[in-house]
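See structure below.
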Amino acid sequence: MHQFHDLTITAIQQEPNAVVWTLEIPEKLFDQFEYLPGQHLTFKYMHEGEELRRSYSICSSSLNPAEMKVLIKGVDGGRFSQAAQSVFNVGDTVSVMPPSGHFAISPEEEKTYVAFAAGSGITPVMGMVHAVLEQTESSQFVLFYGNSTSGDILLQQEISHLKDHYQERFSVHYFLSRQKVDVPFNHGRLDQGKVAYIKDHFLNQLTVDGYYVCGPGEMIDSVCRSLELLGVPQEQIHNERFLSDGQEISASEKIIKEDAGITVTVDGANHQFDIKAGESATLLESAEQAGVDLPYSCKAGVCATCRCKLIEGEVEMINNYSLEEWETKDGYILSCQSVARSSKIHISFDE
Ligand code: FES
């Protein structure tokens, strides 16, 4: 389930400072690559002898199981994202782990879904838009999408196409922060004030069933805080943030205080190893050192690829930028952020 598979890139589409890869999914992998709209794929790439892992959200329709699209935004100094722009060609294969991630939607009939996206935060949201419009007959999607300038808008053609095709059920509002626009409402960032205005003027007649927020951390904090202050129940607000600097855990935060016996269940098998007091390692790092192969990508608490369930024992989760409250209440943890805090620990990736 957490294995990597070689998939072929069958098309590359240029977007502003980004590319969209179309990946071919062979029939024998249809089951494994089934996904919920909003989930992401993790890529493995060897760069100068170092293994890199990166996650990118699926932005395509899920109606065709034989292909999947991901958008890869170019990042200055980003070793994988730069290679994606210039090294990979149509016909090349890439190493990909089946979809994962908790920022996802299961569209139902007669619902209203609202998304706030900024920049490449549109990527998982596009997967959701496709699903709501194509898999239901009566649900609607309202999208608020912010960028710096009109030249930065990603997937604009696809958004327009969907808007034309589903006029009754899909509406889009663009916001530009560094370009003059005719209507003052469409100028500026998606911040607390803007969200309050939107809620008052655009959403006041609607019963919204779920809010989905994706973009840089500051934008997410601002939009989510605003929604909460406006009385939206927390369980209706879902978010996924980008990886940014400063999310690394220090060695001192990871120090183990007592010897611990660890059991890890993954893909139906149990693995056991010990860690010693004084060592400095997360559960994910300890497992790696013991030769146990576990799923992960960002190692920064953002992507939730390393999510597992704590079956027994105690851990300290240093950062959590991805699990929702119900997940932590149910015992889910991020293994890349969790440090052993009892002598016996059992975690499972199969729950
Ligand atoms: S690997 Fe991304 S949250 Fe742990």
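Identifiers in the structure tokens: chain A, B, ... in order shown; residue index from 1 per chain; ligand index from 1 in order shown.
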
Could you list, with a cut-off of 7 Å and counting only C-alpha atoms, the residues of stretch 256-301 of chain A near stretch 348-351 of chain A, each shown with its nearest atom pair and the distance in Å rounded to one decimal, rows sorted by chain and ascending number, as CSV?
```
residue,atom,partner,partner_atom,distance
A:Val264,CA,A:Ser348,CA,5.7
A:Thr265,CA,A:Ser348,CA,4.5
A:Val266,CA,A:Phe349,CA,5.0
A:Asp267,CA,A:Asp350,CA,6.3
```

For the contact check between chain A and ligand 1, emit one row per residue of chain A within 10 Å, containing the shortest atom pair and the distance in Å rounded to one decimal, counting only C-alpha atoms and all ligand atoms, chain then rising number order, as JSON lines.
```
{"residue": "A:Thr42", "atom": "CA", "partner": "ligand 1", "partner_atom_place_in_ligand_line": "2 (Fe)", "distance": 9.8}
{"residue": "A:Arg53", "atom": "CA", "partner": "ligand 1", "partner_atom_place_in_ligand_line": "1 (S)", "distance": 9.2}
{"residue": "A:Arg54", "atom": "CA", "partner": "ligand 1", "partner_atom_place_in_ligand_line": "2 (Fe)", "distance": 9.1}
{"residue": "A:Ser55", "atom": "CA", "partner": "ligand 1", "partner_atom_place_in_ligand_line": "2 (Fe)", "distance": 8.5}
{"residue": "A:Gly101", "atom": "CA", "partner": "ligand 1", "partner_atom_place_in_ligand_line": "2 (Fe)", "distance": 9.3}
{"residue": "A:Leu243", "atom": "CA", "partner": "ligand 1", "partner_atom_place_in_ligand_line": "2 (Fe)", "distance": 9.0}
{"residue": "A:Leu284", "atom": "CA", "partner": "ligand 1", "partner_atom_place_in_ligand_line": "4 (Fe)", "distance": 8.3}
{"residue": "A:Leu294", "atom": "CA", "partner": "ligand 1", "partner_atom_place_in_ligand_line": "1 (S)", "distance": 9.6}
{"residue": "A:Pro295", "atom": "CA", "partner": "ligand 1", "partner_atom_place_in_ligand_line": "1 (S)", "distance": 7.4}
{"residue": "A:Tyr296", "atom": "CA", "partner": "ligand 1", "partner_atom_place_in_ligand_line": "1 (S)", "distance": 4.0}
{"residue": "A:Ser297", "atom": "CA", "partner": "ligand 1", "partner_atom_place_in_ligand_line": "1 (S)", "distance": 4.2}
{"residue": "A:Cys298", "atom": "CA", "partner": "ligand 1", "partner_atom_place_in_ligand_line": "2 (Fe)", "distance": 3.9}
{"residue": "A:Lys299", "atom": "CA", "partner": "ligand 1", "partner_atom_place_in_ligand_line": "1 (S)", "distance": 3.8}
{"residue": "A:Ala300", "atom": "CA", "partner": "ligand 1", "partner_atom_place_in_ligand_line": "3 (S)", "distance": 5.4}
{"residue": "A:Gly301", "atom": "CA", "partner": "ligand 1", "partner_atom_place_in_ligand_line": "3 (S)", "distance": 3.4}
{"residue": "A:Val302", "atom": "CA", "partner": "ligand 1", "partner_atom_place_in_ligand_line": "3 (S)", "distance": 4.4}
{"residue": "A:Cys303", "atom": "CA", "partner": "ligand 1", "partner_atom_place_in_ligand_line": "2 (Fe)", "distance": 3.9}
{"residue": "A:Ala304", "atom": "CA", "partner": "ligand 1", "partner_atom_place_in_ligand_line": "3 (S)", "distance": 3.9}
{"residue": "A:Thr305", "atom": "CA", "partner": "ligand 1", "partner_atom_place_in_ligand_line": "2 (Fe)", "distance": 5.1}
{"residue": "A:Cys306", "atom": "CA", "partner": "ligand 1", "partner_atom_place_in_ligand_line": "4 (Fe)", "distance": 4.4}
{"residue": "A:Arg307", "atom": "CA", "partner": "ligand 1", "partner_atom_place_in_ligand_line": "4 (Fe)", "distance": 6.6}
{"residue": "A:Cys308", "atom": "CA", "partner": "ligand 1", "partner_atom_place_in_ligand_line": "4 (Fe)", "distance": 9.7}
{"residue": "A:Asn319", "atom": "CA", "partner": "ligand 1", "partner_atom_place_in_ligand_line": "3 (S)", "distance": 9.0}
{"residue": "A:Asn320", "atom": "CA", "partner": "ligand 1", "partner_atom_place_in_ligand_line": "3 (S)", "distance": 7.6}
{"residue": "A:Tyr321", "atom": "CA", "partner": "ligand 1", "partner_atom_place_in_ligand_line": "3 (S)", "distance": 7.6}
{"residue": "A:Ser322", "atom": "CA", "partner": "ligand 1", "partner_atom_place_in_ligand_line": "3 (S)", "distance": 6.9}
{"residue": "A:Leu323", "atom": "CA", "partner": "ligand 1", "partner_atom_place_in_ligand_line": "3 (S)", "distance": 8.7}
{"residue": "A:Ile333", "atom": "CA", "partner": "ligand 1", "partner_atom_place_in_ligand_line": "4 (Fe)", "distance": 9.1}
{"residue": "A:Leu334", "atom": "CA", "partner": "ligand 1", "partner_atom_place_in_ligand_line": "4 (Fe)", "distance": 5.3}
{"residue": "A:Ser335", "atom": "CA", "partner": "ligand 1", "partner_atom_place_in_ligand_line": "4 (Fe)", "distance": 6.1}
{"residue": "A:Cys336", "atom": "CA", "partner": "ligand 1", "partner_atom_place_in_ligand_line": "4 (Fe)", "distance": 4.4}
{"residue": "A:Gln337", "atom": "CA", "partner": "ligand 1", "partner_atom_place_in_ligand_line": "4 (Fe)", "distance": 6.5}
{"residue": "A:Ser338", "atom": "CA", "partner": "ligand 1", "partner_atom_place_in_ligand_line": "4 (Fe)", "distance": 9.2}
```

So that I have them on file, write out the residues from the current selection with C-alpha atoms, as a compact mmCIF listing (two decimals), in the first residue's frame.
```
# COMPACT_ATOMS: atom_id res chain seq x y z
CA THR A 42 4.15 11.53 -2.91
CA ARG A 53 10.30 13.08 -1.32
CA ARG A 54 7.72 15.65 -2.26
CA SER A 55 3.92 15.69 -2.20
CA GLY A 101 -3.86 12.91 2.83
CA LEU A 243 5.46 23.60 3.68
CA LEU A 284 9.73 7.92 12.05
CA LEU A 294 7.38 3.83 6.53
CA PRO A 295 5.41 6.31 4.42
CA TYR A 296 6.46 9.93 4.71
CA SER A 297 7.04 13.00 2.62
CA CYS A 298 7.55 16.45 4.19
CA LYS A 299 8.87 15.38 7.65
CA ALA A 300 7.54 18.72 8.89
CA GLY A 301 4.04 17.98 10.16
CA VAL A 302 2.34 19.38 7.07
CA CYS A 303 1.39 16.61 4.64
CA ALA A 304 0.08 13.86 6.98
CA THR A 305 1.61 11.13 4.80
CA CYS A 306 3.21 9.71 7.97
CA ARG A 307 -0.11 9.66 9.89
CA CYS A 308 -0.64 6.55 12.02
CA ASN A 319 4.14 20.04 15.73
CA ASN A 320 0.87 19.34 14.01
CA TYR A 321 -0.07 21.41 10.99
CA SER A 322 -2.30 18.82 9.38
CA LEU A 323 -4.34 16.57 11.68
CA ILE A 333 -0.48 11.04 15.35
CA LEU A 334 2.16 12.20 12.90
CA SER A 335 5.08 9.81 13.24
CA CYS A 336 7.52 12.41 11.84
CA GLN A 337 6.62 14.74 14.73
CA SER A 338 6.13 12.24 17.57
```

From a backbone DSSP assignment, name each residue in stretch 17-184 of chain A labelled helix (DSSP H, G or I), as a ChimeraX atom specification.
/A:27-29,79-86,119-135,150-152,156-165,184

With only C-alpha atoms as the basis for distance, which of A:Val90, A:Val114, A:Leu190, A:Leu63 is at the shortest distance from A:Glu134?
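The closest residue to A:Glu134 is A:Leu63.
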
Looking at A:Ile255, A:Ala118, A:Ala277, A:Leu7, which one is nearest to A:Gly217, with distances taken over only C-alpha atoms?
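Checking each candidate against A:Gly217, we get A:Ala118 as the closest.
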
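Note that atom CA of A:Phe43 and atom CA of A:Ile262 are 27.6 Å apart.
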
Which polymer residues have any atom within 10 Å of an atom of A:Gln135, counting only C-alpha atoms, with same-chain residues fewer than 6 positions away left out, as a PyMOL selection string?
chain A and resi 61-63+106-109+129

Among the residues A:His238, A:Lys194, A:Lys329, A:His102, the one that comes closest to A:Ser57 [using only C-alpha atoms]:
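Residue with the minimum atom-to-atom distance to A:Ser57: A:His102.
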
Separation of atom CA of A:Val20 from atom CA of A:Pro37 in Å
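These atoms are spaced 16.6 Å apart.
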
Contacts of A:Val172 within 10 Å, only C-alpha atoms, excl. fewer than 5 positions in-chain, as a ChimeraX atom specification:
/A:115,141-145,159-160,163

Output file for the selection above: C-alpha atoms, as a short mmCIF file (atom, residue, chain, number, x, y, z; two decimals), in the first residue's frame:
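Output file again_30.cif is given in full below:
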```
data_model
loop_
_atom_site.label_atom_id
_atom_site.label_comp_id
_atom_site.auth_asym_id
_atom_site.auth_seq_id
_atom_site.Cartn_x
_atom_site.Cartn_y
_atom_site.Cartn_z
CA ALA A 115 -13.28 26.97 -0.87
CA PHE A 141 -19.30 24.84 -5.32
CA VAL A 142 -18.32 28.45 -4.58
CA LEU A 143 -14.65 29.27 -5.05
CA PHE A 144 -12.75 32.35 -3.81
CA TYR A 145 -9.29 32.33 -5.37
CA ILE A 159 -11.70 26.82 -14.20
CA SER A 160 -13.33 28.79 -17.03
CA LYS A 163 -17.66 27.49 -15.06
#
```

Compile the contact shell of A:Thr10 as a list in words: residues with an atom at most 9 Å away, counting only C-alpha atoms, same-chain residues fewer than 3 positions apart removed.
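The neighbour list is Trp21, Thr22, Leu23, Glu24, Glu67, Asn89, Val90, Gly91 and Asp92 of chain A.
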
Which of these residues is nearest to A:Gln234, using only C-alpha atoms: A:Lys344, A:Lys257, A:Ile220, A:Trp326?
A:Trp326

Could you pull the residues within 12 Å of A:Ser120, counting only C-alpha atoms, minus those fewer than 6 positions along the same chain, as a PyMOL selection string?
chain A and resi 15-20+56-59+70-75+126+145-148+152-156+213-216+240-243
